[in-house]
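Working notes, structure below.
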Amino acid sequence: MKKALILSLFMSISNIAIADFVKLSNEGEILDFEDSNWSCVWDQKTSLVWEVKGETEGPQYAMNTYTWFDGDTGRKDNMYSKNCYWGEDCNTLSYIDDINEVQLCTYTNWRLPTRDELKTIINYYSDGDILIDLDFFPNTQMSTYWTSMTAKDNSSLAYEIPFFFGGSIVREKSIDTHIRLVRSAD
């Protein structure tokens with residue numbers, strides 16, 4: 001029994017992998033780790049490129065929150081969709097359109113991540129309370145972040161990832177929370 005437990009624990013630990021992150025400029029150029037001004041992060045392990053949130057007011061302001069809306073389900077505009085810098089249409093679809101329009105890091109195919117994709121940047125071994133590598137993802141809030149996944153049994157709910165304990169939970173789409181966009185590097 002002890003051998004099986006130890007073997008199971010060893011296999012779990014050996015499957016834990018640390019992401020290989022690379023900073024990207026707003027022009028999509030690879031930067032050095034020491035660079036202090038970057039807009040995106042490329043995860044070489046998953047081949048995903050992630051948006052980086054800023055500390056100044058504007059579309060990518062880290063404190064902005066959004067209701068979940070994909071054009072069909074969720075809420076485009078309500079009392080909780082006024083919590084972003086410009087204060088109207090603070091929903092996921094509007095934000096994705098805005099980021100694609102400005103061509104963040106020269107890309108125009110930004111989207112909400114799936115649950116599994118967003119979980120890939122969780123760092124359970126983080127030194128702080130926020131479970132992410134703050135050297136690459138500064139300004140991440142100790143809160144939840146939307147995924148693209150609607151709950152199977154209730155189309156008014158969507159999954160979100162809490163960056164203070166990991167896992168995933170569901171939330172009413174009409175309530176606002178944070179978002180971090182992603183795109184495939186392939």
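Ligands are numbered from 1 in the order shown, chains are lettered A, B, ... in the order of the structure tokens, and residues start at 1 in each chain.
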
Contacts of region 122-151 of chain A with region 42-65 of chain A up to 10 Å, shortest pair per row, only C-alpha atoms, as JSON lines:
```
{"residue": "A:Phe136", "atom": "CA", "partner": "A:Val52", "partner_atom": "CA", "distance": 7.9}
{"residue": "A:Phe137", "atom": "CA", "partner": "A:Val52", "partner_atom": "CA", "distance": 5.9}
{"residue": "A:Pro138", "atom": "CA", "partner": "A:Lys53", "partner_atom": "CA", "distance": 7.1}
{"residue": "A:Asn139", "atom": "CA", "partner": "A:Ala62", "partner_atom": "CA", "distance": 5.9}
{"residue": "A:Thr140", "atom": "CA", "partner": "A:Ala62", "partner_atom": "CA", "distance": 6.7}
{"residue": "A:Gln141", "atom": "CA", "partner": "A:Ala62", "partner_atom": "CA", "distance": 7.1}
{"residue": "A:Thr144", "atom": "CA", "partner": "A:Thr65", "partner_atom": "CA", "distance": 10.0}
{"residue": "A:Tyr145", "atom": "CA", "partner": "A:Thr65", "partner_atom": "CA", "distance": 9.1}
{"residue": "A:Trp146", "atom": "CA", "partner": "A:Thr65", "partner_atom": "CA", "distance": 9.8}
```

Neighbour list for Tyr66 (chain A) as a PyMOL selection string, cut-off 12 Å, only C-alpha atoms, skip fewer than 4 positions in-chain: chain A and resi 59-62+70+74-96+112+144-147+172-180

Atoms to include: N, CA and C atoms. Write the selected residues as a compact mmCIF listing (two decimals), in the first residue's frame.
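Output file again.txt is given in full below:
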```txt
# COMPACT_ATOMS: atom_id res chain seq x y z
N PRO A 59 -8.20 50.26 -21.96
CA PRO A 59 -8.86 48.98 -22.24
C PRO A 59 -8.25 47.79 -21.51
N GLN A 60 -6.93 47.74 -21.35
CA GLN A 60 -6.29 46.60 -20.69
C GLN A 60 -6.02 46.82 -19.21
N TYR A 61 -6.69 47.78 -18.62
CA TYR A 61 -6.53 48.07 -17.21
C TYR A 61 -6.88 46.84 -16.37
N ALA A 62 -6.02 46.48 -15.46
CA ALA A 62 -6.18 45.26 -14.67
C ALA A 62 -7.44 45.25 -13.82
N ASP A 70 -21.40 36.43 -25.70
CA ASP A 70 -20.80 35.92 -26.93
C ASP A 70 -21.62 36.26 -28.17
N GLY A 74 -25.60 35.32 -22.51
CA GLY A 74 -24.97 36.27 -21.60
C GLY A 74 -25.67 37.62 -21.68
N ARG A 75 -25.02 38.63 -21.12
CA ARG A 75 -25.59 39.98 -21.09
C ARG A 75 -24.69 40.95 -21.79
N LYS A 76 -25.24 41.63 -22.81
CA LYS A 76 -24.48 42.64 -23.53
C LYS A 76 -24.34 43.91 -22.69
N ASP A 77 -25.43 44.30 -22.05
CA ASP A 77 -25.43 45.57 -21.33
C ASP A 77 -26.40 45.48 -20.15
N ASN A 78 -25.89 45.70 -18.96
CA ASN A 78 -26.72 45.80 -17.76
C ASN A 78 -25.94 46.52 -16.68
N MET A 79 -26.44 46.53 -15.47
CA MET A 79 -25.79 47.32 -14.43
C MET A 79 -24.37 46.84 -14.12
N TYR A 80 -24.04 45.57 -14.40
CA TYR A 80 -22.69 45.08 -14.15
C TYR A 80 -21.78 45.23 -15.36
N SER A 81 -22.30 45.75 -16.46
CA SER A 81 -21.46 45.90 -17.65
C SER A 81 -21.00 47.34 -17.81
N LYS A 82 -20.75 47.99 -16.71
CA LYS A 82 -20.26 49.38 -16.71
C LYS A 82 -18.97 49.50 -15.90
N ASN A 83 -18.28 48.39 -15.70
CA ASN A 83 -17.12 48.38 -14.81
C ASN A 83 -15.79 48.28 -15.53
N CYS A 84 -15.73 48.86 -16.71
CA CYS A 84 -14.46 48.95 -17.40
C CYS A 84 -14.17 50.43 -17.64
N TYR A 85 -13.00 50.71 -18.10
CA TYR A 85 -12.52 52.09 -18.21
C TYR A 85 -13.47 53.00 -18.97
N TRP A 86 -14.02 52.53 -20.09
CA TRP A 86 -14.88 53.39 -20.89
C TRP A 86 -16.34 53.33 -20.44
N GLY A 87 -16.70 52.39 -19.57
CA GLY A 87 -17.98 52.40 -18.88
C GLY A 87 -19.22 51.99 -19.65
N GLU A 88 -19.10 51.47 -20.85
CA GLU A 88 -20.27 50.95 -21.54
C GLU A 88 -19.86 49.75 -22.38
N ASP A 89 -20.81 48.85 -22.59
CA ASP A 89 -20.52 47.60 -23.29
C ASP A 89 -19.29 46.89 -22.72
N CYS A 90 -19.24 46.85 -21.40
CA CYS A 90 -18.13 46.16 -20.74
C CYS A 90 -18.46 44.67 -20.68
N ASN A 91 -18.49 44.06 -21.85
CA ASN A 91 -18.75 42.63 -21.93
C ASN A 91 -17.61 41.96 -22.68
N THR A 92 -17.54 40.65 -22.60
CA THR A 92 -16.41 39.93 -23.17
C THR A 92 -16.32 40.09 -24.68
N LEU A 93 -17.43 40.04 -25.38
CA LEU A 93 -17.40 40.16 -26.84
C LEU A 93 -16.89 41.54 -27.28
N SER A 94 -17.37 42.59 -26.63
CA SER A 94 -16.94 43.94 -26.95
C SER A 94 -15.43 44.10 -26.71
N TYR A 95 -14.95 43.56 -25.58
CA TYR A 95 -13.53 43.66 -25.27
C TYR A 95 -12.68 42.90 -26.30
N ILE A 96 -13.10 41.70 -26.64
CA ILE A 96 -12.35 40.92 -27.65
C ILE A 96 -12.29 41.69 -28.96
N LEU A 112 -11.48 34.44 -25.67
CA LEU A 112 -11.47 33.94 -24.30
C LEU A 112 -10.85 32.55 -24.30
N THR A 144 -11.43 36.10 -9.94
CA THR A 144 -11.72 35.10 -10.95
C THR A 144 -11.59 35.71 -12.35
N TYR A 145 -11.36 34.82 -13.34
CA TYR A 145 -11.23 35.22 -14.73
C TYR A 145 -12.12 34.32 -15.59
N TRP A 146 -12.88 34.95 -16.49
CA TRP A 146 -13.79 34.22 -17.36
C TRP A 146 -13.07 33.23 -18.26
N THR A 147 -13.76 32.13 -18.59
CA THR A 147 -13.34 31.23 -19.65
C THR A 147 -14.40 31.32 -20.75
N GLU A 172 -22.99 33.37 -12.88
CA GLU A 172 -24.02 33.94 -13.75
C GLU A 172 -23.34 34.88 -14.75
N LYS A 173 -23.64 34.72 -16.01
CA LYS A 173 -23.01 35.52 -17.06
C LYS A 173 -23.30 37.01 -16.94
N SER A 174 -24.36 37.37 -16.26
CA SER A 174 -24.72 38.78 -16.12
C SER A 174 -23.91 39.49 -15.03
N ILE A 175 -23.13 38.75 -14.27
CA ILE A 175 -22.27 39.33 -13.23
C ILE A 175 -20.88 39.50 -13.84
N ASP A 176 -20.20 40.55 -13.45
CA ASP A 176 -18.91 40.85 -14.05
C ASP A 176 -17.75 40.22 -13.30
N THR A 177 -16.70 39.95 -14.03
CA THR A 177 -15.42 39.53 -13.46
C THR A 177 -14.32 39.87 -14.47
N HIS A 178 -13.10 39.49 -14.16
CA HIS A 178 -11.94 39.82 -15.00
C HIS A 178 -11.83 38.87 -16.18
N ILE A 179 -11.07 39.30 -17.19
CA ILE A 179 -10.77 38.43 -18.32
C ILE A 179 -9.30 38.58 -18.72
N ARG A 180 -8.75 37.50 -19.25
CA ARG A 180 -7.41 37.52 -19.83
C ARG A 180 -7.52 36.78 -21.16
```

- Distance of CA of Leu104 (chain A) from CA of Gly166 (chain A), expressed in Å to one decimal place: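 Here the two named atoms are 27.0 Å from each other.
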
Note to self: Nearest residue to Asn123 (chain A) out of A:Phe164, A:Leu157, A:Asn109, A:Asp98, using only C-alpha atoms?
What the structure shows: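 Looking only at the distances to Asn123 (chain A), the closest residue turns out to be A:Phe164.
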
Step one, run DSSP on the backbone; step two, keep only residues of region 14-171 of chain A assigned to helix (DSSP H, G or I); then write them as an MDAnalysis selection string.
chainID A and resid 14:15 92:102 104:106 115:119

For N, CA, C and O atoms, I'd like the residues from the last selection saved as a tab-separated table (two decimals), in the first residue's frame.
```
chain	number	residue	atom	x	y	z
A	14	SER	N	6.09	14.27	-10.89
A	14	SER	CA	6.88	14.27	-12.13
A	14	SER	C	6.10	14.84	-13.30
A	14	SER	O	6.68	15.29	-14.27
A	15	ASN	N	4.76	14.84	-13.22
A	15	ASN	CA	3.95	15.41	-14.29
A	15	ASN	C	3.78	16.91	-14.17
A	15	ASN	O	3.27	17.56	-15.07
A	92	THR	N	-17.54	40.65	-22.60
A	92	THR	CA	-16.41	39.93	-23.17
A	92	THR	C	-16.32	40.09	-24.68
A	92	THR	O	-15.22	40.28	-25.21
A	93	LEU	N	-17.43	40.04	-25.38
A	93	LEU	CA	-17.40	40.16	-26.84
A	93	LEU	C	-16.89	41.54	-27.28
A	93	LEU	O	-16.05	41.65	-28.18
A	94	SER	N	-17.37	42.59	-26.63
A	94	SER	CA	-16.94	43.94	-26.95
A	94	SER	C	-15.43	44.10	-26.71
A	94	SER	O	-14.71	44.69	-27.52
A	95	TYR	N	-14.95	43.56	-25.58
A	95	TYR	CA	-13.53	43.66	-25.27
A	95	TYR	C	-12.68	42.90	-26.30
A	95	TYR	O	-11.67	43.41	-26.77
A	96	ILE	N	-13.10	41.70	-26.64
A	96	ILE	CA	-12.35	40.92	-27.65
A	96	ILE	C	-12.29	41.69	-28.96
A	96	ILE	O	-11.23	41.79	-29.59
A	97	ASP	N	-13.41	42.27	-29.38
A	97	ASP	CA	-13.44	43.05	-30.61
A	97	ASP	C	-12.47	44.24	-30.53
A	97	ASP	O	-11.75	44.53	-31.48
A	98	ASP	N	-12.46	44.92	-29.38
A	98	ASP	CA	-11.58	46.08	-29.20
A	98	ASP	C	-10.10	45.68	-29.26
A	98	ASP	O	-9.29	46.36	-29.90
A	99	ILE	N	-9.75	44.60	-28.60
A	99	ILE	CA	-8.34	44.16	-28.60
A	99	ILE	C	-7.92	43.68	-29.99
A	99	ILE	O	-6.81	43.96	-30.44
A	100	ASN	N	-8.81	42.99	-30.68
A	100	ASN	CA	-8.48	42.57	-32.05
A	100	ASN	C	-8.34	43.77	-32.98
A	100	ASN	O	-7.50	43.77	-33.88
A	101	GLU	N	-9.13	44.80	-32.74
A	101	GLU	CA	-9.05	46.00	-33.57
A	101	GLU	C	-7.72	46.72	-33.41
A	101	GLU	O	-7.16	47.22	-34.38
A	102	VAL	N	-7.21	46.79	-32.18
A	102	VAL	CA	-5.92	47.46	-31.96
A	102	VAL	C	-4.73	46.56	-32.27
A	102	VAL	O	-3.59	47.00	-32.23
A	104	LEU	N	-3.31	43.85	-30.72
A	104	LEU	CA	-2.39	43.63	-29.62
A	104	LEU	C	-1.30	42.63	-30.03
A	104	LEU	O	-1.61	41.55	-30.52
A	105	CYS	N	-0.07	43.03	-29.88
A	105	CYS	CA	1.10	42.21	-30.26
A	105	CYS	C	1.03	41.77	-31.72
A	105	CYS	O	1.54	40.72	-32.08
A	106	THR	N	0.38	42.57	-32.54
A	106	THR	CA	0.18	42.42	-34.00
A	106	THR	C	-0.82	41.34	-34.38
A	106	THR	O	-0.94	40.99	-35.55
A	115	ARG	N	-11.41	26.54	-20.31
A	115	ARG	CA	-11.07	26.26	-18.92
A	115	ARG	C	-9.68	25.61	-18.83
A	115	ARG	O	-8.86	26.02	-18.00
A	116	ASP	N	-9.43	24.61	-19.67
A	116	ASP	CA	-8.14	23.92	-19.63
A	116	ASP	C	-6.99	24.85	-19.99
A	116	ASP	O	-5.90	24.77	-19.40
A	117	GLU	N	-7.19	25.73	-20.96
A	117	GLU	CA	-6.13	26.67	-21.34
A	117	GLU	C	-5.80	27.61	-20.19
A	117	GLU	O	-4.63	27.82	-19.88
A	118	LEU	N	-6.81	28.19	-19.57
A	118	LEU	CA	-6.56	29.14	-18.49
A	118	LEU	C	-5.89	28.47	-17.29
A	118	LEU	O	-5.04	29.07	-16.63
A	119	LYS	N	-6.20	27.23	-17.06
A	119	LYS	CA	-5.57	26.50	-15.95
A	119	LYS	C	-4.08	26.29	-16.17
A	119	LYS	O	-3.34	26.07	-15.22
```

Residue list (strand (DSSP E or B), DSSP) for region 7-143 of chain A, as a compact mmCIF listing (two decimals) with C-alpha atoms, in the first residue's frame:
```txt
# COMPACT_ATOMS: atom_id res chain seq x y z
CA PHE A 21 7.21 31.85 -20.67
CA VAL A 22 8.64 34.47 -23.06
CA LYS A 23 7.82 38.18 -22.99
CA LEU A 24 6.61 39.78 -26.22
CA ILE A 30 10.64 38.47 -28.33
CA CYS A 40 1.98 39.62 -24.24
CA VAL A 41 3.44 36.37 -22.96
CA TRP A 42 4.16 33.36 -25.15
CA ASP A 43 3.93 30.03 -23.35
CA LEU A 48 -0.43 29.92 -26.49
CA VAL A 49 0.07 33.68 -26.37
CA TRP A 50 -1.51 35.50 -23.42
CA GLU A 51 -2.55 39.10 -22.92
CA GLY A 54 -1.75 47.03 -17.35
CA TYR A 61 -6.53 48.07 -17.21
CA TYR A 66 -16.77 42.40 -17.83
CA THR A 67 -20.02 40.51 -18.12
CA PHE A 69 -21.45 37.79 -23.68
CA GLY A 74 -24.97 36.27 -21.60
CA ASN A 91 -18.75 42.63 -21.93
CA ARG A 111 -10.41 35.13 -27.73
```

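In this comparison, which uses only C-alpha atoms, the residue of A:Asp127, A:Phe165, A:Asp20, A:Ser148 approaching Trp110 (chain A) most closely is A:Ser148.
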
Exercise. For Asn154 (chain A), which residue among A:Leu31, A:Met142, A:Val170, A:Leu134 is the nearest when counting only C-alpha atoms?
Worked result: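 Using only C-alpha atoms, the shortest distance to Asn154 (chain A) belongs to A:Val170.
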
- Query: So what do you get for CA of Asn37 (chain A) versus CA of Gln103 (chain A), distance-wise?
  - Reply: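 CA of Gln103 (chain A) lies at a distance of 17.0 Å from CA of Asn37 (chain A).
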
- How far is it from CA of Tyr159 (chain A) to CA of Tyr124 (chain A), in Å with one decimal?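 Computing it gives 19.4 Å between the two atoms.
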
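Considering the residues A:Ser156, A:Ser25, A:Ser168, A:Ser126 and counting only C-alpha atoms, Ser143 (chain A) has its shortest atom-to-atom contact with A:Ser168.
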